[in-house]
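Here's the structure we're looking at; comments come further down.
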Amino acid sequence: MTPNTCRYRPGLRHWHPLLASRALRRQPLARTLAGERLVLFRTASGRAAAVAETCPHRRMSLAAGRVRGEELVCAYHGWRFDPGGGIRCPLMPGADLQHQAFEVREAHGLIWIRQATHPPAPPLPSWDTGGLPLAGVAFHTVPAPLELTLDNFTEVEHTSSIHQVFGFTEPGAIEHRLELEPTATRVWNSGPQKPFPPLFNGFIDNRPGDTFANDWITSFDPLLTIYDQTWTSPRGVLRRFRLKVVMFFLPIDDTTTQLTTLVYAPKVLPGWLHRALAAPIIKAVTAYELNLDVAALARLADLDTELTPRTLGPLDRVLLENRRRLRPAYQHHPSTGLGIS
């Protein structure tokens, strides 16, 4: 088989929320994670599983197969694969064959994947929702490497020119703080909020002249950023409406990144009206803002991930600090020496 040369391959030891649980039914699904082509399937008992995509017999994609009971059956010659990678071959019943399998768990309505060759398995990521209900989950595919994607979502200067809803009127008016931890970075920004669209103003209490504060922390095992977004009136009163956004960065290959984003917000309408109307609107507006980020990253002139410190502005120091923490987490495995030159 062709070796996986993706530079983010060591990051496979972390848990990654690859897709929504509801998206995986009886039809196998092909996905790529850190350069590994894999197939996810759900057994008859409901267990989610993932194995390497290429059948070791004659290289058929196992995504073309079908689920029978607790096994995935190859569409070419009928070889059977169980969730642990065990193989049953119709013409070689005594053969002791094993296929690459991945660890799979389900939580928060998501299917989480990690490579099973780095025991013991760490716990799944957890976070404080701040008592807010989930408004929705969004998935975006970004045509940029992991570092450049992270750069975009951990600096605030671009919000004045790119964002239409969640952003500041001008970079020069932003108060900014950076706090550093050995395995995390924390950024706090505050400044005048752009005017909200009239539709959004209809069911939240934010108003023109409010101050927008975006407080986030980025950790690296796995790579995720948790944003706490709040608004304050001109009189200094904290608005009731706020957002917590939990964003995971998944390296698909050397030049593509997936965002898996969970959006939490307070109930702004009573009962079922919030679930049926307000929550979908909040999710849609957030997803729209992320679409603007994706479109901006698609216009990058090149995908070189190196930074030139002398060209970075006062709000960009976090980018260099993120690089220092990202490399050991995703490009070098300290226990095996696996990494890149």
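Each chain in the structure tokens gets a letter, A, B and so on, in the order shown; residues start at 1 in every chain, and ligands are counted from 1 in the order they appear.
Taking only segment 248-327 of chain A, the residues that DSSP calls strand (DSSP E or B) from the backbone come to Phe248, Phe249, Leu250, Pro251, Ile252, Asp253, Thr256, Thr257, Gln258, Leu259, Thr260, Thr261, Leu262, Val263 and Tyr264 of chain A.
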So that I can check the surroundings of segment 14-20 of chain A, please list as a compact mmCIF listing (two decimals) with N, CA and C atoms, in the first residue's frame every protein, DNA and RNA residue that reaches within 10 Å of it, counting only C-alpha atoms and ignoring chain neighbours fewer than 6 positions away.
```txt
# COMPACT_ATOMS: atom_id res chain seq x y z
N ARG A 31 -13.92 8.57 4.04
CA ARG A 31 -13.41 9.83 4.54
C ARG A 31 -11.88 9.78 4.56
N THR A 32 -11.25 10.94 4.68
CA THR A 32 -9.79 11.03 4.83
C THR A 32 -9.50 11.83 6.08
N LEU A 33 -8.54 11.38 6.87
CA LEU A 33 -8.12 12.07 8.08
C LEU A 33 -6.61 11.97 8.20
N LEU A 40 -16.03 4.40 7.14
CA LEU A 40 -16.84 4.25 8.34
C LEU A 40 -18.09 3.46 8.00
N GLU A 103 -9.99 3.40 16.17
CA GLU A 103 -10.86 3.50 17.34
C GLU A 103 -11.97 4.49 17.03
N VAL A 104 -13.17 4.13 17.44
CA VAL A 104 -14.35 4.95 17.16
C VAL A 104 -15.18 5.08 18.44
N ARG A 105 -15.63 6.29 18.72
CA ARG A 105 -16.57 6.54 19.80
C ARG A 105 -17.62 7.53 19.33
N GLU A 106 -18.75 7.53 20.01
CA GLU A 106 -19.81 8.47 19.70
C GLU A 106 -20.16 9.29 20.94
N ALA A 107 -20.20 10.59 20.80
CA ALA A 107 -20.54 11.50 21.89
C ALA A 107 -20.89 12.85 21.30
N HIS A 108 -21.76 13.60 21.96
CA HIS A 108 -22.17 14.94 21.52
C HIS A 108 -22.79 14.90 20.12
N GLY A 109 -23.36 13.76 19.74
CA GLY A 109 -23.95 13.63 18.41
C GLY A 109 -22.93 13.53 17.30
N LEU A 110 -21.68 13.21 17.64
CA LEU A 110 -20.59 13.15 16.67
C LEU A 110 -19.90 11.80 16.73
N ILE A 111 -19.27 11.43 15.63
CA ILE A 111 -18.45 10.23 15.57
C ILE A 111 -16.99 10.66 15.64
N TRP A 112 -16.28 10.13 16.64
CA TRP A 112 -14.89 10.50 16.92
C TRP A 112 -13.97 9.37 16.48
N ILE A 113 -12.85 9.74 15.84
CA ILE A 113 -11.92 8.77 15.26
C ILE A 113 -10.52 9.05 15.78
N ARG A 114 -9.78 7.99 16.05
CA ARG A 114 -8.34 8.10 16.30
C ARG A 114 -7.69 6.81 15.84
N GLN A 115 -6.38 6.88 15.57
CA GLN A 115 -5.65 5.70 15.18
C GLN A 115 -5.43 4.82 16.40
N HIS A 118 -1.75 3.86 18.97
CA HIS A 118 -1.08 4.67 19.99
C HIS A 118 -1.80 4.52 21.33
N ALA A 121 -5.80 4.84 24.88
CA ALA A 121 -6.63 5.88 24.30
C ALA A 121 -6.86 7.00 25.32
N PRO A 122 -6.63 8.25 24.93
CA PRO A 122 -6.94 9.37 25.84
C PRO A 122 -8.44 9.54 25.97
N PRO A 123 -8.91 10.23 27.00
CA PRO A 123 -10.34 10.51 27.09
C PRO A 123 -10.79 11.43 25.97
N LEU A 124 -12.06 11.36 25.64
CA LEU A 124 -12.60 12.29 24.66
C LEU A 124 -12.52 13.72 25.20
N PRO A 125 -12.35 14.69 24.31
CA PRO A 125 -12.35 16.08 24.77
C PRO A 125 -13.67 16.43 25.47
N VAL A 137 -24.69 22.07 14.92
CA VAL A 137 -23.33 21.67 14.57
C VAL A 137 -23.14 21.95 13.08
N ALA A 138 -22.00 22.52 12.73
CA ALA A 138 -21.70 22.85 11.34
C ALA A 138 -20.38 22.19 10.94
N PHE A 139 -20.30 21.81 9.66
CA PHE A 139 -19.09 21.21 9.10
C PHE A 139 -18.66 22.04 7.89
N PHE A 220 -4.34 21.87 21.99
CA PHE A 220 -3.71 21.22 20.84
C PHE A 220 -3.75 19.69 20.87
N ASP A 221 -4.50 19.09 21.79
CA ASP A 221 -4.53 17.63 21.82
C ASP A 221 -5.95 17.09 22.09
N PRO A 222 -6.86 17.21 21.11
CA PRO A 222 -6.70 17.64 19.72
C PRO A 222 -6.77 19.16 19.60
N LEU A 223 -6.61 19.62 18.37
CA LEU A 223 -6.61 21.05 18.08
C LEU A 223 -8.04 21.58 18.10
N LEU A 224 -8.33 22.42 19.07
CA LEU A 224 -9.64 23.04 19.12
C LEU A 224 -9.54 24.41 19.77
N PHE A 248 -13.36 22.48 16.29
CA PHE A 248 -12.29 21.51 16.11
C PHE A 248 -11.70 21.66 14.72
N PHE A 249 -10.37 21.56 14.64
CA PHE A 249 -9.64 21.65 13.38
C PHE A 249 -9.10 20.25 13.06
N LEU A 250 -9.57 19.66 11.97
CA LEU A 250 -9.18 18.31 11.59
C LEU A 250 -8.31 18.38 10.33
N PRO A 251 -7.08 17.91 10.37
CA PRO A 251 -6.27 17.88 9.15
C PRO A 251 -6.74 16.74 8.24
N ILE A 252 -7.24 17.09 7.09
CA ILE A 252 -7.67 16.07 6.14
C ILE A 252 -6.46 15.56 5.35
N GLN A 258 -10.69 20.29 7.88
CA GLN A 258 -12.12 20.28 8.19
C GLN A 258 -12.36 21.01 9.50
N LEU A 259 -13.42 21.82 9.52
CA LEU A 259 -13.89 22.43 10.76
C LEU A 259 -15.15 21.71 11.21
N THR A 260 -15.16 21.27 12.44
CA THR A 260 -16.36 20.75 13.07
C THR A 260 -16.70 21.70 14.21
N THR A 261 -17.84 22.39 14.09
CA THR A 261 -18.14 23.51 14.98
C THR A 261 -19.46 23.28 15.70
N ALA A 329 2.39 18.51 18.76
CA ALA A 329 1.11 17.81 18.87
C ALA A 329 0.70 17.12 17.58
N TYR A 330 1.11 17.67 16.42
CA TYR A 330 0.64 17.15 15.15
C TYR A 330 1.74 16.74 14.18
```
Do you know which residues are at most 12 Å from segment 173-183 of chain A counting only C-alpha atoms, after dropping those on the same chain fewer than 2 positions away, and could you put them as an NGL selection string? :A and (154-160 or 167-171 or 185-194 or 211-224 or 314-329)
Would you save the residues from that selection as a compact mmCIF listing (two decimals), in the first residue's frame, using N, CA and C atoms?
```txt
# COMPACT_ATOMS: atom_id res chain seq x y z
N THR A 154 -7.70 32.37 14.82
CA THR A 154 -7.14 32.79 16.10
C THR A 154 -6.51 34.18 16.01
N GLU A 155 -6.90 34.94 15.01
CA GLU A 155 -6.58 36.37 14.98
C GLU A 155 -7.86 37.11 14.64
N VAL A 156 -7.93 38.34 15.08
CA VAL A 156 -9.19 39.07 15.02
C VAL A 156 -9.18 40.21 14.02
N GLU A 157 -8.02 40.54 13.49
CA GLU A 157 -7.91 41.71 12.61
C GLU A 157 -8.79 41.59 11.37
N HIS A 158 -8.95 40.36 10.86
CA HIS A 158 -9.70 40.17 9.62
C HIS A 158 -11.20 40.37 9.79
N THR A 159 -11.71 40.35 11.03
CA THR A 159 -13.17 40.42 11.20
C THR A 159 -13.76 41.73 10.69
N SER A 160 -12.97 42.80 10.70
CA SER A 160 -13.49 44.08 10.21
C SER A 160 -13.77 44.06 8.72
N GLY A 167 -18.07 40.67 14.46
CA GLY A 167 -16.81 41.32 14.17
C GLY A 167 -16.77 42.73 14.71
N PHE A 168 -15.61 43.36 14.57
CA PHE A 168 -15.39 44.70 15.09
C PHE A 168 -15.43 45.72 13.96
N THR A 169 -15.76 46.96 14.33
CA THR A 169 -15.88 47.99 13.30
C THR A 169 -14.53 48.32 12.68
N GLU A 170 -13.45 48.31 13.48
CA GLU A 170 -12.13 48.60 12.93
C GLU A 170 -11.06 48.04 13.86
N PRO A 171 -9.97 47.52 13.30
CA PRO A 171 -8.93 46.90 14.13
C PRO A 171 -8.31 47.85 15.14
N THR A 185 -3.06 28.56 24.27
CA THR A 185 -2.97 30.02 24.15
C THR A 185 -4.36 30.59 24.39
N ARG A 186 -4.40 31.76 25.02
CA ARG A 186 -5.68 32.41 25.29
C ARG A 186 -5.62 33.84 24.80
N VAL A 187 -6.67 34.25 24.10
CA VAL A 187 -6.75 35.59 23.53
C VAL A 187 -8.07 36.23 23.97
N TRP A 188 -7.99 37.48 24.35
CA TRP A 188 -9.19 38.25 24.68
C TRP A 188 -9.17 39.53 23.85
N ASN A 189 -10.29 39.80 23.17
CA ASN A 189 -10.43 41.00 22.37
C ASN A 189 -11.75 41.69 22.72
N SER A 190 -11.75 43.00 22.69
CA SER A 190 -12.97 43.75 22.96
C SER A 190 -12.95 45.03 22.14
N GLY A 191 -14.14 45.39 21.59
CA GLY A 191 -14.22 46.60 20.80
C GLY A 191 -15.63 46.81 20.28
N PRO A 192 -15.85 47.89 19.52
CA PRO A 192 -17.19 48.19 19.00
C PRO A 192 -17.68 47.10 18.05
N GLN A 193 -18.90 46.64 18.27
CA GLN A 193 -19.52 45.61 17.44
C GLN A 193 -20.07 46.20 16.15
N LYS A 194 -19.85 45.48 15.06
CA LYS A 194 -20.51 45.86 13.82
C LYS A 194 -22.03 45.82 14.01
N THR A 211 -20.54 46.85 22.85
CA THR A 211 -19.16 46.38 22.82
C THR A 211 -19.16 44.87 22.72
N PHE A 212 -18.39 44.36 21.79
CA PHE A 212 -18.28 42.92 21.55
C PHE A 212 -16.98 42.43 22.17
N ALA A 213 -17.07 41.36 22.98
CA ALA A 213 -15.88 40.75 23.56
C ALA A 213 -15.81 39.30 23.11
N ASN A 214 -14.64 38.91 22.62
CA ASN A 214 -14.41 37.54 22.14
C ASN A 214 -13.22 36.97 22.91
N ASP A 215 -13.50 36.03 23.80
CA ASP A 215 -12.51 35.44 24.68
C ASP A 215 -12.35 33.98 24.28
N TRP A 216 -11.15 33.60 23.81
CA TRP A 216 -11.01 32.21 23.36
C TRP A 216 -9.72 31.59 23.86
N ILE A 217 -9.77 30.26 23.94
CA ILE A 217 -8.59 29.48 24.32
C ILE A 217 -8.42 28.37 23.30
N THR A 218 -7.18 28.18 22.86
CA THR A 218 -6.83 27.14 21.89
C THR A 218 -5.97 26.10 22.57
N SER A 219 -6.36 24.85 22.46
CA SER A 219 -5.56 23.73 22.96
C SER A 219 -5.24 22.82 21.78
N PHE A 220 -4.34 21.87 21.99
CA PHE A 220 -3.71 21.22 20.84
C PHE A 220 -3.75 19.69 20.87
N ASP A 221 -4.50 19.09 21.79
CA ASP A 221 -4.53 17.63 21.82
C ASP A 221 -5.95 17.09 22.09
N PRO A 222 -6.86 17.21 21.11
CA PRO A 222 -6.70 17.64 19.72
C PRO A 222 -6.77 19.16 19.60
N LEU A 223 -6.61 19.62 18.37
CA LEU A 223 -6.61 21.05 18.08
C LEU A 223 -8.04 21.58 18.10
N LEU A 224 -8.33 22.42 19.07
CA LEU A 224 -9.64 23.04 19.12
C LEU A 224 -9.54 24.41 19.77
N PRO A 314 0.54 43.73 15.51
CA PRO A 314 0.45 43.58 16.97
C PRO A 314 -0.58 42.54 17.41
N LEU A 315 -1.54 42.20 16.55
CA LEU A 315 -2.54 41.20 16.91
C LEU A 315 -2.15 39.79 16.46
N ASP A 316 -0.95 39.64 15.90
CA ASP A 316 -0.55 38.38 15.28
C ASP A 316 0.41 37.53 16.11
N ARG A 317 0.81 38.01 17.26
CA ARG A 317 1.80 37.24 18.02
C ARG A 317 1.29 35.83 18.34
N VAL A 318 -0.01 35.70 18.54
CA VAL A 318 -0.57 34.39 18.87
C VAL A 318 -0.29 33.36 17.78
N LEU A 319 -0.14 33.79 16.53
CA LEU A 319 0.11 32.85 15.45
C LEU A 319 1.43 32.12 15.66
N LEU A 320 2.46 32.86 16.05
CA LEU A 320 3.76 32.23 16.31
C LEU A 320 3.69 31.31 17.52
N GLU A 321 2.96 31.73 18.54
CA GLU A 321 2.84 30.89 19.73
C GLU A 321 2.05 29.61 19.42
N ASN A 322 1.04 29.72 18.57
CA ASN A 322 0.29 28.52 18.17
C ASN A 322 1.18 27.54 17.41
N ARG A 323 2.05 28.07 16.55
CA ARG A 323 2.95 27.21 15.79
C ARG A 323 3.81 26.38 16.75
N ARG A 324 4.34 27.00 17.79
CA ARG A 324 5.22 26.31 18.72
C ARG A 324 4.51 25.15 19.43
N ARG A 325 3.24 25.29 19.65
CA ARG A 325 2.48 24.27 20.35
C ARG A 325 1.90 23.23 19.39
N LEU A 326 1.68 23.64 18.15
CA LEU A 326 1.09 22.73 17.18
C LEU A 326 2.09 21.67 16.72
N ARG A 327 3.34 22.04 16.52
CA ARG A 327 4.31 21.11 15.95
C ARG A 327 4.47 19.83 16.78
N PRO A 328 4.69 19.91 18.09
CA PRO A 328 4.82 18.66 18.83
C PRO A 328 3.53 17.86 18.91
N ALA A 329 2.39 18.51 18.76
CA ALA A 329 1.11 17.81 18.87
C ALA A 329 0.70 17.12 17.58
```
Residues within 12 Å of segment 291-301 of chain A, only C-alpha atoms, excluding chain neighbours under 5 positions, as a PDB file with N, CA and C atoms, in the first residue's frame:
```pdb
ATOM      1  N   ALA A 138     -21.999  22.521  12.735  1.00  0.00           N
ATOM      2  CA  ALA A 138     -21.699  22.846  11.338  1.00  0.00           C
ATOM      3  C   ALA A 138     -20.382  22.195  10.935  1.00  0.00           C
ATOM      4  N   PHE A 139     -20.296  21.806   9.655  1.00  0.00           N
ATOM      5  CA  PHE A 139     -19.086  21.212   9.099  1.00  0.00           C
ATOM      6  C   PHE A 139     -18.661  22.041   7.892  1.00  0.00           C
ATOM      7  N   HIS A 140     -17.375  22.358   7.837  1.00  0.00           N
ATOM      8  CA  HIS A 140     -16.828  23.113   6.717  1.00  0.00           C
ATOM      9  C   HIS A 140     -15.524  22.472   6.258  1.00  0.00           C
ATOM     10  N   THR A 141     -15.327  22.440   4.949  1.00  0.00           N
ATOM     11  CA  THR A 141     -14.067  21.981   4.375  1.00  0.00           C
ATOM     12  C   THR A 141     -13.302  23.196   3.883  1.00  0.00           C
ATOM     13  N   VAL A 142     -12.099  23.378   4.410  1.00  0.00           N
ATOM     14  CA  VAL A 142     -11.297  24.561   4.128  1.00  0.00           C
ATOM     15  C   VAL A 142     -10.145  24.176   3.201  1.00  0.00           C
ATOM     16  N   PRO A 143      -9.987  24.840   2.055  1.00  0.00           N
ATOM     17  CA  PRO A 143      -8.899  24.509   1.127  1.00  0.00           C
ATOM     18  C   PRO A 143      -7.573  25.147   1.535  1.00  0.00           C
ATOM     19  N   ALA A 144      -7.143  24.852   2.765  1.00  0.00           N
ATOM     20  CA  ALA A 144      -5.902  25.427   3.285  1.00  0.00           C
ATOM     21  C   ALA A 144      -5.330  24.478   4.326  1.00  0.00           C
ATOM     22  N   PRO A 145      -4.016  24.492   4.522  1.00  0.00           N
ATOM     23  CA  PRO A 145      -3.397  23.624   5.532  1.00  0.00           C
ATOM     24  C   PRO A 145      -3.853  23.972   6.943  1.00  0.00           C
ATOM     25  N   LEU A 146      -3.572  23.065   7.843  1.00  0.00           N
ATOM     26  CA  LEU A 146      -3.987  23.217   9.231  1.00  0.00           C
ATOM     27  C   LEU A 146      -3.485  24.530   9.831  1.00  0.00           C
ATOM     28  N   GLU A 147      -2.210  24.864   9.629  1.00  0.00           N
ATOM     29  CA  GLU A 147      -1.647  26.064  10.228  1.00  0.00           C
ATOM     30  C   GLU A 147      -2.344  27.334   9.731  1.00  0.00           C
ATOM     31  N   LEU A 148      -2.562  27.429   8.420  1.00  0.00           N
ATOM     32  CA  LEU A 148      -3.170  28.637   7.871  1.00  0.00           C
ATOM     33  C   LEU A 148      -4.633  28.760   8.279  1.00  0.00           C
ATOM     34  N   THR A 149      -5.301  27.629   8.395  1.00  0.00           N
ATOM     35  CA  THR A 149      -6.688  27.655   8.867  1.00  0.00           C
ATOM     36  C   THR A 149      -6.740  28.120  10.317  1.00  0.00           C
ATOM     37  N   LEU A 150      -5.861  27.576  11.145  1.00  0.00           N
ATOM     38  CA  LEU A 150      -5.802  28.006  12.542  1.00  0.00           C
ATOM     39  C   LEU A 150      -5.455  29.487  12.642  1.00  0.00           C
ATOM     40  N   ASP A 151      -4.523  29.958  11.809  1.00  0.00           N
ATOM     41  CA  ASP A 151      -4.177  31.382  11.811  1.00  0.00           C
ATOM     42  C   ASP A 151      -5.430  32.243  11.677  1.00  0.00           C
ATOM     43  N   ASN A 152      -6.267  31.902  10.718  1.00  0.00           N
ATOM     44  CA  ASN A 152      -7.455  32.712  10.441  1.00  0.00           C
ATOM     45  C   ASN A 152      -8.381  32.796  11.647  1.00  0.00           C
ATOM     46  N   PHE A 153      -8.544  31.672  12.331  1.00  0.00           N
ATOM     47  CA  PHE A 153      -9.535  31.624  13.405  1.00  0.00           C
ATOM     48  C   PHE A 153      -8.969  31.966  14.778  1.00  0.00           C
ATOM     49  N   THR A 154      -7.700  32.366  14.821  1.00  0.00           N
ATOM     50  CA  THR A 154      -7.136  32.791  16.099  1.00  0.00           C
ATOM     51  C   THR A 154      -6.512  34.184  16.007  1.00  0.00           C
ATOM     52  N   GLU A 155      -6.905  34.944  15.009  1.00  0.00           N
ATOM     53  CA  GLU A 155      -6.583  36.373  14.975  1.00  0.00           C
ATOM     54  C   GLU A 155      -7.863  37.114  14.640  1.00  0.00           C
ATOM     55  N   VAL A 156      -7.929  38.340  15.082  1.00  0.00           N
ATOM     56  CA  VAL A 156      -9.194  39.065  15.023  1.00  0.00           C
ATOM     57  C   VAL A 156      -9.184  40.213  14.018  1.00  0.00           C
ATOM     58  N   HIS A 158      -8.948  40.362  10.865  1.00  0.00           N
ATOM     59  CA  HIS A 158      -9.695  40.173   9.622  1.00  0.00           C
ATOM     60  C   HIS A 158     -11.200  40.369   9.792  1.00  0.00           C
ATOM     61  N   THR A 159     -11.707  40.353  11.030  1.00  0.00           N
ATOM     62  CA  THR A 159     -13.167  40.423  11.201  1.00  0.00           C
ATOM     63  C   THR A 159     -13.759  41.726  10.689  1.00  0.00           C
ATOM     64  N   SER A 161     -12.954  43.300   7.968  1.00  0.00           N
ATOM     65  CA  SER A 161     -13.093  43.300   6.515  1.00  0.00           C
ATOM     66  C   SER A 161     -13.815  42.071   5.969  1.00  0.00           C
ATOM     67  N   ILE A 162     -13.793  40.965   6.689  1.00  0.00           N
ATOM     68  CA  ILE A 162     -14.358  39.711   6.180  1.00  0.00           C
ATOM     69  C   ILE A 162     -15.740  39.428   6.749  1.00  0.00           C
ATOM     70  N   HIS A 163     -15.910  39.621   8.041  1.00  0.00           N
ATOM     71  CA  HIS A 163     -17.154  39.218   8.685  1.00  0.00           C
ATOM     72  C   HIS A 163     -18.254  40.247   8.497  1.00  0.00           C
ATOM     73  N   GLN A 164     -19.490  39.757   8.477  1.00  0.00           N
ATOM     74  CA  GLN A 164     -20.645  40.622   8.311  1.00  0.00           C
ATOM     75  C   GLN A 164     -21.454  40.757   9.593  1.00  0.00           C
ATOM     76  N   VAL A 165     -21.327  39.815  10.512  1.00  0.00           N
ATOM     77  CA  VAL A 165     -22.141  39.814  11.727  1.00  0.00           C
ATOM     78  C   VAL A 165     -21.270  39.897  12.971  1.00  0.00           C
ATOM     79  N   PHE A 166     -20.433  38.879  13.198  1.00  0.00           N
ATOM     80  CA  PHE A 166     -19.626  38.827  14.415  1.00  0.00           C
ATOM     81  C   PHE A 166     -18.248  39.418  14.119  1.00  0.00           C
ATOM     82  N   THR A 255      -3.104  19.914   2.570  1.00  0.00           N
ATOM     83  CA  THR A 255      -3.615  21.198   2.077  1.00  0.00           C
ATOM     84  C   THR A 255      -5.094  21.414   2.363  1.00  0.00           C
ATOM     85  N   THR A 256      -5.722  20.558   3.150  1.00  0.00           N
ATOM     86  CA  THR A 256      -7.159  20.661   3.401  1.00  0.00           C
ATOM     87  C   THR A 256      -7.433  20.429   4.886  1.00  0.00           C
ATOM     88  N   THR A 257      -8.328  21.238   5.429  1.00  0.00           N
ATOM     89  CA  THR A 257      -8.694  21.146   6.835  1.00  0.00           C
ATOM     90  C   THR A 257     -10.206  21.105   6.963  1.00  0.00           C
ATOM     91  N   GLN A 258     -10.693  20.293   7.882  1.00  0.00           N
ATOM     92  CA  GLN A 258     -12.121  20.283   8.186  1.00  0.00           C
ATOM     93  C   GLN A 258     -12.361  21.008   9.499  1.00  0.00           C
ATOM     94  N   LEU A 259     -13.420  21.819   9.522  1.00  0.00           N
ATOM     95  CA  LEU A 259     -13.888  22.431  10.756  1.00  0.00           C
ATOM     96  C   LEU A 259     -15.145  21.711  11.211  1.00  0.00           C
ATOM     97  N   ALA A 284     -27.405  28.995  11.485  1.00  0.00           N
ATOM     98  CA  ALA A 284     -27.239  29.418  10.090  1.00  0.00           C
ATOM     99  C   ALA A 284     -26.388  30.681   9.992  1.00  0.00           C
ATOM    100  N   VAL A 285     -26.601  31.634  10.905  1.00  0.00           N
ATOM    101  CA  VAL A 285     -25.809  32.859  10.872  1.00  0.00           C
ATOM    102  C   VAL A 285     -24.345  32.550  11.172  1.00  0.00           C
ATOM    103  N   THR A 286     -24.109  31.684  12.155  1.00  0.00           N
ATOM    104  CA  THR A 286     -22.731  31.299  12.477  1.00  0.00           C
ATOM    105  C   THR A 286     -22.092  30.577  11.300  1.00  0.00           C
TER     106      THR A 286
END
```
Picked from segment 5-243 of chain A by DSSP as helix (DSSP H, G or I), as a ChimeraX atom specification: /A:9-13,21-23,62-64,146-153,159-162,171-173,198-201
Generate a file of the selected residues that holds N, CA and C atoms, formatted as a CSV table (one decimal), in the first residue's frame.
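So the final result, stored in result-v7.csv, reads:
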```csv
chain,number,residue,atom,x,y,z
A,9,ARG,N,0.3,13.3,10.1
A,9,ARG,CA,-0.1,11.9,10.5
A,9,ARG,C,0.1,11.7,12.0
A,10,PRO,N,1.1,12.2,12.7
A,10,PRO,CA,1.2,11.9,14.1
A,10,PRO,C,0.0,12.4,14.9
A,11,GLY,N,-0.7,13.4,14.4
A,11,GLY,CA,-1.9,13.9,15.0
A,11,GLY,C,-3.1,12.9,15.1
A,12,LEU,N,-2.9,11.7,14.4
A,12,LEU,CA,-4.0,10.7,14.4
A,12,LEU,C,-4.1,10.1,15.8
A,13,ARG,N,-3.2,10.3,16.7
A,13,ARG,CA,-3.3,9.8,18.1
A,13,ARG,C,-4.3,10.5,18.9
A,21,SER,N,-23.2,11.8,14.0
A,21,SER,CA,-23.7,10.4,14.1
A,21,SER,C,-24.8,10.1,13.2
A,22,ARG,N,-25.7,11.0,13.0
A,22,ARG,CA,-26.9,10.8,12.2
A,22,ARG,C,-26.5,10.6,10.7
A,23,ALA,N,-25.3,11.0,10.3
A,23,ALA,CA,-24.9,10.9,8.9
A,23,ALA,C,-24.5,9.4,8.6
A,62,LEU,N,-13.4,-0.3,0.1
A,62,LEU,CA,-14.5,-0.9,1.0
A,62,LEU,C,-15.7,0.0,1.1
A,63,ALA,N,-15.6,1.3,0.7
A,63,ALA,CA,-16.8,2.1,0.7
A,63,ALA,C,-17.8,1.6,-0.3
A,64,ALA,N,-17.4,0.8,-1.3
A,64,ALA,CA,-18.3,0.2,-2.2
A,64,ALA,C,-19.0,-1.0,-1.7
A,146,LEU,N,-3.6,23.1,7.8
A,146,LEU,CA,-4.0,23.2,9.2
A,146,LEU,C,-3.5,24.5,9.8
A,147,GLU,N,-2.2,24.9,9.6
A,147,GLU,CA,-1.6,26.1,10.2
A,147,GLU,C,-2.3,27.3,9.7
A,148,LEU,N,-2.6,27.4,8.4
A,148,LEU,CA,-3.2,28.6,7.9
A,148,LEU,C,-4.6,28.8,8.3
A,149,THR,N,-5.3,27.6,8.4
A,149,THR,CA,-6.7,27.7,8.9
A,149,THR,C,-6.7,28.1,10.3
A,150,LEU,N,-5.9,27.6,11.1
A,150,LEU,CA,-5.8,28.0,12.5
A,150,LEU,C,-5.5,29.5,12.6
A,151,ASP,N,-4.5,30.0,11.8
A,151,ASP,CA,-4.2,31.4,11.8
A,151,ASP,C,-5.4,32.2,11.7
A,152,ASN,N,-6.3,31.9,10.7
A,152,ASN,CA,-7.5,32.7,10.4
A,152,ASN,C,-8.4,32.8,11.6
A,153,PHE,N,-8.5,31.7,12.3
A,153,PHE,CA,-9.5,31.6,13.4
A,153,PHE,C,-9.0,32.0,14.8
A,159,THR,N,-11.7,40.4,11.0
A,159,THR,CA,-13.2,40.4,11.2
A,159,THR,C,-13.8,41.7,10.7
A,160,SER,N,-13.0,42.8,10.7
A,160,SER,CA,-13.5,44.1,10.2
A,160,SER,C,-13.8,44.1,8.7
A,161,SER,N,-13.0,43.3,8.0
A,161,SER,CA,-13.1,43.3,6.5
A,161,SER,C,-13.8,42.1,6.0
A,162,ILE,N,-13.8,41.0,6.7
A,162,ILE,CA,-14.4,39.7,6.2
A,162,ILE,C,-15.7,39.4,6.7
A,171,PRO,N,-10.0,47.5,13.3
A,171,PRO,CA,-8.9,46.9,14.1
A,171,PRO,C,-8.3,47.9,15.1
A,172,GLY,N,-8.2,49.1,14.8
A,172,GLY,CA,-7.5,50.1,15.7
A,172,GLY,C,-8.3,50.3,17.0
A,173,ALA,N,-9.6,49.9,17.0
A,173,ALA,CA,-10.4,50.2,18.2
A,173,ALA,C,-10.4,48.9,19.2
A,198,PRO,N,-30.9,43.3,10.5
A,198,PRO,CA,-32.2,43.5,11.2
A,198,PRO,C,-32.8,42.2,11.6
A,199,LEU,N,-32.7,41.1,10.8
A,199,LEU,CA,-33.3,39.9,11.2
A,199,LEU,C,-32.8,39.3,12.5
A,200,PHE,N,-31.5,39.5,12.7
A,200,PHE,CA,-30.9,39.0,13.9
A,200,PHE,C,-31.3,39.9,15.1
A,201,ASN,N,-31.4,41.2,14.9
A,201,ASN,CA,-31.8,42.1,15.9
A,201,ASN,C,-33.2,41.8,16.4
```
Figure out the distance between atom CA of Thr2 of chain A and atom CA of Glu36 of chain A, please, to one decimal in Å. 10.3 Å
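Between atom CA of Thr43 of chain A and atom CA of Val67 of chain A the separation is 6.4 Å.
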From the list A:Ala34, A:Ile281, A:Leu132, A:Met60, which residue is nearest Val245 of chain A when using only C-alpha atoms? A:Leu132
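Atom CA of Tyr8 of chain A to atom CA of Val246 of chain A spans 21.4 Å [interatomic distance, one decimal].
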Tell me which protein, DNA and RNA residues are within 12 Å of segment 264-267 of chain A, counting only C-alpha atoms, leaving out same-chain ones fewer than 6 positions away, and put them as a PyMOL selection string. chain A and resi 127-138+203-205+226-230+239-247+273-283+286
